[in-house]
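Structure file start_1.csv with CSV, C-alpha atoms and all ligand atoms:
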chain,number,residue,atom,x,y,z
A,452,MET,CA,36.5,-15.2,-22.2
A,453,ASN,CA,34.5,-14.6,-25.4
A,454,MET,CA,34.6,-11.9,-28.0
A,455,MET,CA,32.0,-9.8,-26.2
A,456,HIS,CA,34.1,-9.9,-23.0
A,457,GLU,CA,37.2,-8.8,-25.0
A,458,ILE,CA,35.4,-5.9,-26.6
A,459,VAL,CA,34.0,-4.6,-23.3
A,460,LYS,CA,37.3,-4.9,-21.5
A,461,GLU,CA,39.1,-3.1,-24.3
A,462,TRP,CA,36.6,-0.3,-24.3
A,463,LEU,CA,36.8,0.1,-20.6
A,464,GLU,CA,40.6,0.0,-20.6
A,465,GLN,CA,41.0,2.4,-23.4
A,466,GLU,CA,38.5,4.7,-21.7
A,467,LYS,CA,36.1,4.6,-24.7
A,468,ILE,CA,33.5,3.9,-22.0
A,469,ASP,CA,33.4,4.4,-18.2
A,470,LEU,CA,30.5,2.0,-17.6
A,471,PHE,CA,29.0,-1.0,-19.3
A,472,ILE,CA,25.4,-2.1,-18.7
A,473,GLY,CA,24.8,-5.8,-19.4
A,474,TYR,CA,23.6,-8.9,-17.6
A,475,LYS,CA,25.1,-11.1,-14.9
A,476,VAL,CA,23.7,-14.3,-13.4
A,477,VAL,CA,22.9,-13.8,-9.7
A,478,ASP,CA,21.5,-16.7,-7.8
A,479,GLY,CA,20.4,-18.3,-11.1
A,480,HIS,CA,18.7,-15.1,-12.4
A,481,PRO,CA,20.2,-13.0,-15.2
A,482,LEU,CA,19.9,-9.4,-13.9
A,483,PRO,CA,21.0,-6.0,-15.2
A,484,CYS,CA,24.5,-5.2,-13.9
A,485,PHE,CA,27.1,-2.4,-14.2
A,486,PHE,CA,30.6,-3.4,-15.3
A,487,THR,CA,33.4,-0.9,-14.5
A,488,ARG,CA,37.2,-0.4,-15.1
A,489,GLU,CA,37.8,-0.7,-11.4
A,490,ASN,CA,36.4,-4.1,-11.3
A,491,ILE,CA,37.4,-5.3,-14.8
A,492,ASP,CA,37.7,-9.0,-14.1
A,493,ASP,CA,33.9,-9.1,-13.4
A,494,VAL,CA,33.4,-8.6,-17.2
A,495,ASP,CA,34.1,-12.3,-17.5
A,496,ASN,CA,30.7,-12.8,-15.8
A,497,LEU,CA,28.9,-10.7,-18.5
A,498,VAL,CA,26.2,-12.7,-20.3
A,499,GLU,CA,23.9,-12.0,-23.2
A,500,SER,CA,21.1,-13.9,-21.4
A,501,LYS,CA,17.6,-14.2,-22.8
A,502,ALA,CA,16.3,-11.8,-20.2
A,503,ARG,CA,15.1,-8.5,-21.3
A,504,TYR,CA,15.3,-5.3,-19.3
A,505,PRO,CA,15.2,-1.7,-20.5
A,506,LEU,CA,18.9,-1.2,-20.1
A,507,GLU,CA,18.7,2.1,-21.9
A,508,LYS,CA,16.3,3.4,-19.3
A,509,ILE,CA,19.0,2.7,-16.7
A,510,ALA,CA,21.5,4.5,-18.9
A,511,ALA,CA,19.2,7.5,-19.1
A,512,LYS,CA,18.9,7.5,-15.3
A,513,VAL,CA,22.7,7.5,-15.0
A,514,TYR,CA,22.9,10.2,-17.7
A,515,SER,CA,20.6,12.5,-15.7
A,516,THR,CA,23.0,12.7,-12.8
A,517,HIS,CA,26.3,12.0,-14.6
A,518,PRO,CA,26.0,13.6,-18.0
A,519,GLU,CA,29.8,13.3,-18.6
A,520,MET,CA,29.9,9.5,-18.2
A,521,LYS,CA,30.4,7.4,-21.4
A,522,ILE,CA,28.1,4.4,-21.3
A,523,GLY,CA,28.3,1.1,-23.1
A,524,ILE,CA,25.1,-1.0,-23.5
A,525,LEU,CA,24.3,-4.5,-24.5
A,526,ALA,CA,21.7,-3.8,-27.2
A,527,ARG,CA,19.1,-6.0,-28.8
A,528,ASP,CA,17.1,-4.6,-31.7
A,529,CYS,CA,14.4,-3.3,-29.3
A,530,ASN,CA,17.1,-1.6,-27.1
A,531,GLN,CA,18.5,0.1,-30.1
A,532,ARG,CA,15.0,1.4,-31.2
A,533,ALA,CA,14.4,2.6,-27.6
A,534,LEU,CA,17.8,4.4,-27.6
A,535,ASN,CA,16.8,6.2,-30.8
A,536,VAL,CA,13.6,7.5,-29.1
A,537,LEU,CA,15.6,8.6,-26.0
A,538,TYR,CA,18.0,10.5,-28.3
A,539,VAL,CA,15.1,12.2,-30.0
A,540,TRP,CA,13.6,13.3,-26.7
A,541,ASN,CA,16.9,14.5,-25.3
A,542,GLN,CA,17.0,11.9,-22.6
A,543,LEU,CA,20.4,10.6,-23.7
A,544,ASP,CA,23.3,12.0,-25.7
A,545,PRO,CA,24.2,9.7,-28.6
A,546,GLU,CA,27.8,10.9,-28.3
A,547,LYS,CA,28.0,9.3,-24.9
A,548,ILE,CA,26.6,5.8,-25.9
A,549,GLU,CA,28.3,2.8,-27.4
A,550,THR,CA,26.4,-0.3,-28.1
A,551,VAL,CA,27.3,-4.0,-28.4
A,552,GLY,CA,24.6,-5.5,-30.6
A,553,ILE,CA,23.4,-9.0,-29.9
A,554,ASN,CA,21.5,-11.6,-31.8
A,555,CYS,CA,17.8,-11.3,-31.2
A,556,CYS,CA,14.3,-11.1,-32.5
A,557,PRO,CA,13.4,-14.7,-33.5
A,558,SER,CA,13.2,-15.1,-37.2
A,559,PRO,CA,13.6,-18.0,-39.6
A,560,ALA,CA,16.6,-16.1,-41.0
A,561,ARG,CA,18.6,-16.4,-37.8
A,562,GLU,CA,20.2,-19.4,-36.4
A,563,HIS,CA,19.4,-18.5,-32.8
A,564,ALA,CA,18.0,-15.6,-30.9
A,565,ASP,CA,19.0,-14.3,-27.5
A,566,CYS,CA,15.5,-13.1,-26.6
A,567,SER,CA,12.9,-14.2,-24.1
A,568,TYR,CA,10.1,-12.9,-26.3
A,569,LEU,CA,8.6,-15.6,-28.4
A,570,GLU,CA,5.0,-15.7,-29.4
A,571,ARG,CA,2.7,-15.7,-26.4
A,572,GLU,CA,0.6,-18.7,-25.5
A,573,PRO,CA,-2.7,-18.6,-27.3
A,574,SER,CA,-5.4,-17.3,-24.9
A,575,GLY,CA,-7.8,-19.7,-23.2
A,576,PRO,CA,-11.5,-20.0,-24.2
A,577,LEU,CA,-12.9,-17.5,-21.7
A,578,LYS,CA,-10.6,-14.7,-22.8
A,579,THR,CA,-11.3,-15.6,-26.4
A,580,LEU,CA,-15.0,-15.4,-25.8
A,581,ILE,CA,-15.2,-12.1,-23.9
A,582,GLY,CA,-11.8,-10.5,-24.0
A,583,ILE,CA,-9.2,-9.6,-26.5
A,584,GLU,CA,-6.7,-12.3,-27.5
A,585,ASN,CA,-3.2,-11.0,-27.0
A,586,ASN,CA,-1.8,-12.4,-30.3
A,587,LEU,CA,-4.2,-10.6,-32.5
A,588,LYS,CA,-3.1,-8.1,-35.1
A,589,PRO,CA,-4.8,-4.6,-34.7
A,590,GLU,CA,-6.9,-5.3,-37.8
A,591,GLN,CA,-8.1,-8.5,-36.3
A,592,ALA,CA,-9.4,-6.7,-33.2
A,593,GLU,CA,-11.4,-4.5,-35.5
A,594,VAL,CA,-13.7,-7.2,-36.8
A,595,TYR,CA,-16.0,-6.7,-33.7
A,596,SER,CA,-18.7,-4.1,-33.7
A,597,GLN,CA,-18.2,-0.8,-31.8
A,598,GLU,CA,-20.3,-2.1,-28.9
A,599,GLU,CA,-18.5,-5.5,-28.8
A,600,ARG,CA,-15.1,-3.9,-29.0
A,601,PHE,CA,-15.9,-1.7,-26.0
A,602,LYS,CA,-17.2,-4.6,-24.0
A,603,ARG,CA,-14.1,-6.7,-24.8
A,604,TRP,CA,-11.6,-3.9,-24.0
A,605,SER,CA,-13.5,-3.1,-20.8
A,606,TYR,CA,-13.2,-6.7,-19.8
A,607,GLU,CA,-9.4,-6.4,-20.3
A,608,PHE,CA,-9.0,-3.0,-18.6
A,609,GLU,CA,-11.1,-4.0,-15.6
A,610,LYS,CA,-8.5,-6.6,-14.7
A,611,CYS,CA,-5.9,-3.8,-14.2
A,612,ILE,CA,-4.6,-3.6,-10.7
A,613,LYS,CA,-2.9,-0.2,-11.2
A,614,CYS,CA,0.5,-1.7,-10.4
A,615,TYR,CA,2.2,0.7,-12.8
A,616,GLY,CA,4.4,-2.1,-14.0
A,617,CYS,CA,3.7,-1.2,-17.6
A,618,ARG,CA,4.9,2.3,-17.1
A,619,ASN,CA,7.8,1.4,-14.9
A,620,ILE,CA,9.3,-1.1,-17.3
A,621,CYS,CA,8.7,0.9,-20.4
A,622,PRO,CA,12.0,2.3,-21.8
A,623,VAL,CA,10.2,5.4,-23.2
A,624,CYS,CA,8.1,6.3,-20.2
A,625,PHE,CA,10.5,8.9,-18.6
A,626,CYS,CA,8.3,11.8,-17.4
A,627,LYS,CA,9.2,13.3,-14.1
A,628,GLU,CA,5.5,13.7,-13.3
A,629,CYS,CA,3.4,11.0,-14.7
A,630,SER,CA,-0.2,11.8,-15.8
A,631,LEU,CA,-1.2,8.4,-14.5
A,632,GLU,CA,-0.6,9.7,-11.0
A,633,HIS,CA,-2.4,12.9,-11.5
A,634,SER,CA,-5.1,13.0,-8.9
A,635,ASP,CA,-7.6,14.9,-11.1
A,636,LEU,CA,-7.4,12.1,-13.6
A,637,ILE,CA,-6.7,8.9,-11.7
A,638,LYS,CA,-7.9,8.3,-8.1
A,639,LYS,CA,-5.1,7.0,-5.9
A,640,GLY,CA,-5.5,3.5,-4.5
A,641,GLU,CA,-8.9,2.9,-6.0
A,642,LEU,CA,-10.0,-0.1,-8.1
A,643,PRO,CA,-11.4,-0.8,-10.6
A,644,VAL,CA,-9.2,1.4,-12.7
A,645,GLU,CA,-10.8,4.4,-14.5
A,646,ILE,CA,-12.1,2.9,-17.8
A,647,PRO,CA,-10.9,3.7,-20.3
A,648,ILE,CA,-9.1,6.8,-19.1
A,649,PHE,CA,-6.1,5.1,-17.5
A,650,HIS,CA,-5.2,3.0,-20.5
A,651,LEU,CA,-6.3,5.7,-23.0
A,652,VAL,CA,-3.9,8.2,-21.4
A,653,ARG,CA,-1.0,5.9,-21.6
A,654,ALA,CA,-1.9,4.8,-25.1
A,655,VAL,CA,-2.0,8.5,-26.2
A,656,HIS,CA,1.4,9.1,-24.6
A,657,MET,CA,2.9,6.2,-26.5
A,658,ALA,CA,2.2,7.8,-29.8
A,659,GLY,CA,5.5,8.6,-31.5
A,660,ARG,CA,7.4,6.8,-28.6
A,661,CYS,CA,6.4,3.2,-28.3
A,662,ILE,CA,9.0,1.0,-30.0
A,663,ASP,CA,7.0,-2.2,-29.7
A,664,CYS,CA,9.3,-4.1,-27.4
A,665,GLY,CA,6.4,-5.8,-25.6
A,666,LEU,CA,8.0,-5.3,-22.1
A,667,CYS,CA,4.8,-3.7,-20.8
A,668,GLU,CA,2.7,-6.7,-21.8
A,669,ASP,CA,5.3,-9.1,-20.4
A,670,ALA,CA,5.2,-7.2,-17.1
A,671,CYS,CA,1.4,-6.9,-16.8
A,672,PRO,CA,0.1,-9.3,-14.1
A,673,ALA,CA,-3.4,-9.0,-15.6
A,674,ASN,CA,-2.3,-10.1,-19.1
A,675,ILE,CA,-3.9,-7.1,-20.7
A,676,PRO,CA,-3.0,-7.0,-24.5
A,677,LEU,CA,-1.1,-3.7,-24.1
A,678,ARG,CA,1.3,-4.4,-27.0
A,679,LEU,CA,-1.7,-4.8,-29.3
A,680,LEU,CA,-3.2,-1.6,-28.1
A,681,TYR,CA,0.1,0.4,-28.7
A,682,ARG,CA,0.6,-1.4,-32.1
A,683,GLU,CA,-2.7,0.3,-33.1
A,684,VAL,CA,-1.4,3.6,-31.7
A,685,ASN,CA,1.8,3.1,-33.9
A,686,GLN,CA,-0.3,2.3,-37.0
A,687,ILE,CA,-2.4,5.4,-36.5
A,688,THR,CA,0.8,7.5,-36.0
A,689,ALA,CA,2.3,6.1,-39.1
A,690,ARG,CA,-0.9,6.7,-41.1
A,691,LEU,CA,-1.5,10.2,-39.9
A,692,PHE,CA,2.0,11.6,-39.4
A,693,ASP,CA,4.1,9.2,-41.5
A,694,TYR,CA,6.3,8.8,-38.4
A,695,ARG,CA,7.7,5.5,-37.0
A,696,ALA,CA,9.2,5.8,-33.5
A,697,GLY,CA,12.6,4.3,-33.0
A,698,THR,CA,13.4,4.1,-36.7
A,699,ASP,CA,12.7,7.7,-37.9
A,700,SER,CA,15.4,10.0,-36.6
A,701,GLY,CA,13.4,13.3,-36.8
A,702,GLN,CA,11.6,14.9,-33.9
A,703,SER,CA,8.4,13.2,-32.9
A,704,PRO,CA,5.2,14.8,-34.2
A,705,PHE,CA,3.9,14.7,-30.6
A,706,SER,CA,6.8,16.6,-29.1
A,707,ILE,CA,4.7,19.7,-28.6
A,708,LEU,CA,1.9,18.1,-26.7
A,709,GLY,CA,1.5,21.3,-24.6
A,710,GLU,CA,3.2,23.4,-22.0
A,711,ASN,CA,2.5,21.0,-19.1
A,712,VAL,CA,4.4,18.0,-20.5
A,713,THR,CA,7.4,17.5,-18.3
A,714,LEU,CA,10.1,15.6,-20.1
A,715,GLU,CA,12.6,15.3,-17.3
A,716,PRO,CA,13.5,11.7,-16.4
A,717,MET,CA,11.7,10.2,-13.5
A,718,SER,CA,13.2,7.9,-10.9
A,719,LEU,CA,13.2,4.2,-11.8
B,62,MET,CA,-10.0,11.4,-38.7
B,63,SER,CA,-7.9,12.7,-35.8
B,64,PHE,CA,-5.5,10.6,-33.8
B,65,LEU,CA,-7.7,10.5,-30.8
B,66,GLN,CA,-10.8,9.7,-32.8
B,67,ALA,CA,-9.1,6.8,-34.5
B,68,LEU,CA,-7.9,5.4,-31.1
B,69,LEU,CA,-11.3,5.7,-29.5
B,70,ASP,CA,-12.8,4.0,-32.5
B,71,PHE,CA,-10.4,1.1,-32.0
B,72,MET,CA,-11.6,0.8,-28.4
B,73,GLY,CA,-15.2,0.8,-29.4
B,74,LEU,CA,-16.0,4.4,-28.5
B,75,GLY,CA,-15.9,5.7,-32.0
B,76,GLY,CA,-18.0,8.7,-33.0
B,77,ARG,CA,-18.3,10.1,-29.5
B,78,LEU,CA,-15.6,12.6,-29.7
B,79,HIS,CA,-15.8,15.7,-31.8
B,80,LEU,CA,-12.9,18.0,-32.3
B,81,GLU,CA,-13.2,21.1,-34.3
B,82,TRP,CA,-11.3,24.4,-34.3
B,83,ILE,CA,-13.7,27.3,-34.1
B,84,SER,CA,-12.6,30.9,-33.7
B,85,SER,CA,-14.6,33.2,-31.4
B,86,ALA,CA,-15.7,35.1,-34.5
B,87,GLU,CA,-17.6,32.1,-35.9
B,88,ALA,CA,-20.6,32.0,-33.7
B,89,ARG,CA,-22.9,30.6,-36.4
B,90,LYS,CA,-20.5,27.8,-37.1
B,91,PHE,CA,-20.3,27.0,-33.4
B,92,VAL,CA,-24.1,26.7,-33.1
B,93,GLN,CA,-24.2,24.5,-36.2
B,94,VAL,CA,-21.4,22.2,-35.0
B,95,VAL,CA,-23.0,21.7,-31.5
B,96,THR,CA,-26.4,21.0,-33.0
B,97,GLU,CA,-25.1,18.4,-35.4
B,98,PHE,CA,-23.0,16.8,-32.7
B,99,THR,CA,-26.0,16.7,-30.3
B,100,ALA,CA,-28.1,15.0,-32.9
B,101,LYS,CA,-25.4,12.5,-33.6
B,102,ILE,CA,-24.9,11.6,-29.9
B,103,LYS,CA,-28.7,11.1,-29.5
B,104,VAL,CA,-28.5,8.5,-32.3
B,105,LEU,CA,-25.5,6.8,-30.7
B,106,GLY,CA,-27.4,6.3,-27.4
B,107,PRO,CA,-26.1,6.6,-23.8
B,108,ASN,CA,-22.4,6.5,-23.1
B,109,PRO,CA,-21.4,2.8,-22.8
B,110,ILE,CA,-18.9,3.8,-20.1
B,111,LYS,CA,-21.7,4.7,-17.7
B,112,GLY,CA,-23.8,1.7,-18.5
B,113,TRP,CA,-21.1,-0.9,-18.3
B,114,GLN,CA,-21.8,-3.5,-15.7
B,115,GLY,CA,-18.8,-5.7,-15.9
B,116,PRO,CA,-18.0,-8.6,-18.2
B,117,GLU,CA,-20.8,-10.8,-19.4
B,118,ILE,CA,-19.7,-14.3,-18.4
B,119,PRO,CA,-22.1,-16.9,-19.8
B,120,ASP,CA,-24.1,-18.8,-17.2
B,121,SER,CA,-23.3,-22.2,-18.5
B,122,LEU,CA,-19.8,-22.3,-19.9
B,123,PRO,CA,-19.7,-24.6,-23.0
B,124,SER,CA,-18.3,-28.0,-22.4
B,125,ILE,CA,-15.1,-27.2,-24.3
B,126,PHE,CA,-14.0,-25.3,-21.2
B,127,GLU,CA,-14.0,-28.4,-19.0
B,128,GLY,CA,-10.6,-29.4,-17.8
B,129,ARG,CA,-8.9,-26.4,-19.5
B,130,ALA,CA,-7.4,-23.3,-18.1
B,131,LEU,CA,-9.9,-20.6,-19.0
B,132,GLY,CA,-7.4,-17.9,-19.7
B,133,VAL,CA,-7.9,-14.4,-18.5
C,1,LIG,S1,5.9,-2.0,-26.1
C,1,LIG,FE1,5.3,-1.3,-24.1
C,1,LIG,S2,7.2,-1.2,-22.9
C,1,LIG,FE2,7.7,-1.3,-25.1
C,1,LIG,S3,7.9,0.8,-25.7
C,1,LIG,FE3,5.9,0.2,-26.2
C,1,LIG,S4,4.7,0.9,-24.4
C,1,LIG,FE4,6.8,0.9,-23.8
C,2,LIG,S1,3.0,10.6,-18.3
C,2,LIG,FE1,2.6,9.0,-19.9
C,2,LIG,S2,4.5,8.9,-21.1
C,2,LIG,FE2,5.0,9.9,-19.1
C,2,LIG,S3,5.6,8.2,-17.7
C,2,LIG,FE3,3.4,8.5,-17.5
C,2,LIG,S4,2.4,7.1,-18.9
C,2,LIG,FE4,4.6,7.3,-19.5
C,3,LIG,S1,1.0,-3.5,-15.8
C,3,LIG,FE1,-1.1,-4.2,-16.3
C,3,LIG,S2,-2.2,-4.3,-14.3
C,3,LIG,FE2,-0.3,-3.1,-14.0
C,3,LIG,S3,-0.9,-0.9,-14.3
C,3,LIG,FE3,-0.2,-1.6,-16.3
C,3,LIG,S4,-2.1,-2.4,-17.3
C,3,LIG,FE4,-2.6,-2.2,-15.1

This entry written out as structure tokens:
Amino acid sequence: MNMMHEIVKEWLEQEKIDLFIGYKVVDGHPLPCFFTRENIDDVDNLVESKARYPLEKIAAKVYSTHPEMKIGILARDCNQRALNVLYVWNQLDPEKIETVGINCCPSPAREHADCSYLEREPSGPLKTLIGIENNLKPEQAEVYSQEERFKRWSYEFEKCIKCYGCRNICPVCFCKECSLEHSDLIKKGELPVEIPIFHLVRAVHMAGRCIDCGLCEDACPANIPLRLLYREVNQITARLFDYRAGTDSGQSPFSILGENVTLEPMSL
Amino acid sequence: MSFLQALLDFMGLGGRLHLEWISSAEARKFVQVVTEFTAKIKVLGPNPIKGWQGPEIPDSLPSIFEGRALGV
């Protein structure tokens, strides 16, 4: 039993929390898992793991049906930022959440990091030639001319298989009715994807919300540089509205997008 | 520059979106804005979204590609 196990057990026993969301190794895979008072010995199986899942999205789902429940969460820096966004958008009540922080975000200043996210492999020559290299900074993607940019982004977007993995994994995509499934905008079951509408809609929605966790890009089977795209969204948001999602505590400048925005949580 | 204009610019569709608030009382301004925008669009040429024919993959890939994963 380590210190984390002790803390979680103590919180459960003292009824500080009713549920703890962390990871447990199942058949060799670290997976998100609920730990409860009723099954307290299982807490010994709790691990930090290097796996990353949007545990706060699971917490928001629990909160939507059990608002009285007090939830503990294993939180890396990215989870913490996502929690802040969910508080701002009233998807979670900060009074009901306790976090156990863990060591993460690789940096020379830390001895080790419990995080699966390290810099991605450099792109191969074809992608470098006609697409957008995932590791670029937004400014570096702006060296191309307008025409060249559009060609390169089109190459990336055309690979999309509309699996919705980016939306499903994203901790701050919580709309009950998602615009990406709106039949006037996106045709069901048809490929190639609507360029650039599909990715543009999602990018616009990430303004004031995206906390740069990179889970969407990790999840994307087409290796589309989504994180880079939303980093630019974040930069524009910071420049125009002086707002940084996940760190600024105020209401998002985009919270009044219109009457049709549904902000009730959608099923996972 | 508005948020959407900045984002479209990043994707290479800059200058094709024009957002302006015009009240119904400003008919003359409306005519002026539309005329200016039409002239600008003519300069920019046809919408690249309509004309896009898929990625341009070079016929003969340079020899550096040999034996390497291309990367997608
Ligand atoms: S990086 Fe991707 S998954 Fe993470 S918050 Fe932003 S859009 Fe969502
Ligand atoms: S409507 Fe936009 S913000 Fe909401 S779930 Fe869909 S992509 Fe995410
Ligand atoms: S995860 Fe990638 S392939 Fe799937 S819908 Fe999102 S962008 Fe498209």

Hey, which residues sit close to ligand LIG 2 (chain C)? Say within 6 Å, counting all atoms listed in the file, and write them as a PDB file with C-alpha atoms, in the frame of the given file.
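Dumped to result.pdb:
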ATOM      1  CA  ARG A 618       4.900   2.300 -17.100  1.00  0.00           C
ATOM      2  CA  CYS A 624       8.100   6.300 -20.200  1.00  0.00           C
ATOM      3  CA  PHE A 625      10.500   8.900 -18.600  1.00  0.00           C
ATOM      4  CA  CYS A 626       8.300  11.800 -17.400  1.00  0.00           C
ATOM      5  CA  CYS A 629       3.400  11.000 -14.700  1.00  0.00           C
ATOM      6  CA  SER A 630      -0.200  11.800 -15.800  1.00  0.00           C
ATOM      7  CA  LEU A 631      -1.200   8.400 -14.500  1.00  0.00           C
ATOM      8  CA  ARG A 653      -1.000   5.900 -21.600  1.00  0.00           C
ATOM      9  CA  HIS A 656       1.400   9.100 -24.600  1.00  0.00           C
TER      10      HIS A 656
END

So which residues touch Lys547 of chain A within 7 Å, counting all atoms listed in the file, skipping near sequence neighbours fewer than 4 positions away, as a PyMOL selection string?
chain A and resi 520-522

Atom-to-atom span, atom CA of Ile612 of chain A and atom CA of Glu645 of chain A, Å
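Computing it gives 10.8 Å between the two atoms.
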
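Atom CA of Lys460 of chain A sits 6.7 Å away from atom CA of Ile491 of chain A.
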
Hey, which residues sit close to ligand LIG 1 (chain C)? Say within 8 Å, counting all atoms listed in the file, and write them as a VMD selection string.
chain A and resid 533 617 to 618 620 to 624 654 657 660 to 668 677 to 678 681

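Of the listed residues (A:Lys638, A:His456, A:Lys501, A:His650), A:His650 comes nearest to ligand LIG 3 (chain C); the distances count all atoms listed in the file.
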
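Using all atoms listed in the file, residues with at least one atom at most 9 Å away from any atom of ligand LIG 3 (chain C) are A:Glu607, A:Phe608, A:Glu609, A:Lys610, A:Cys611, A:Ile612, A:Lys613, A:Cys614, A:Tyr615, A:Gly616, A:Cys617, A:Arg618, A:Asn619, A:Ile620, A:Val644, A:Phe649, A:His650, A:Cys667, A:Glu668, A:Asp669, A:Ala670, A:Cys671, A:Pro672, A:Ala673, A:Asn674, A:Ile675, A:Pro676, A:Leu677.
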
Please report as CSV every residue of chain B lying within 6 Å of chain A, along with the nearest atom pair and their distance in Å (one decimal), using only C-alpha atoms.
residue,atom,partner,partner_atom,distance
B:Met72,CA,A:Phe601,CA,5.5
B:Gly73,CA,A:Gln597,CA,4.2
B:Pro116,CA,A:Tyr606,CA,5.4
B:Leu131,CA,A:Gly575,CA,4.8
B:Gly132,CA,A:Gly575,CA,4.0
B:Val133,CA,A:Lys578,CA,5.1

Separation of atom CA of Asn685 of chain A from atom CA of Ser63 of chain B in Å:
13.8 Å
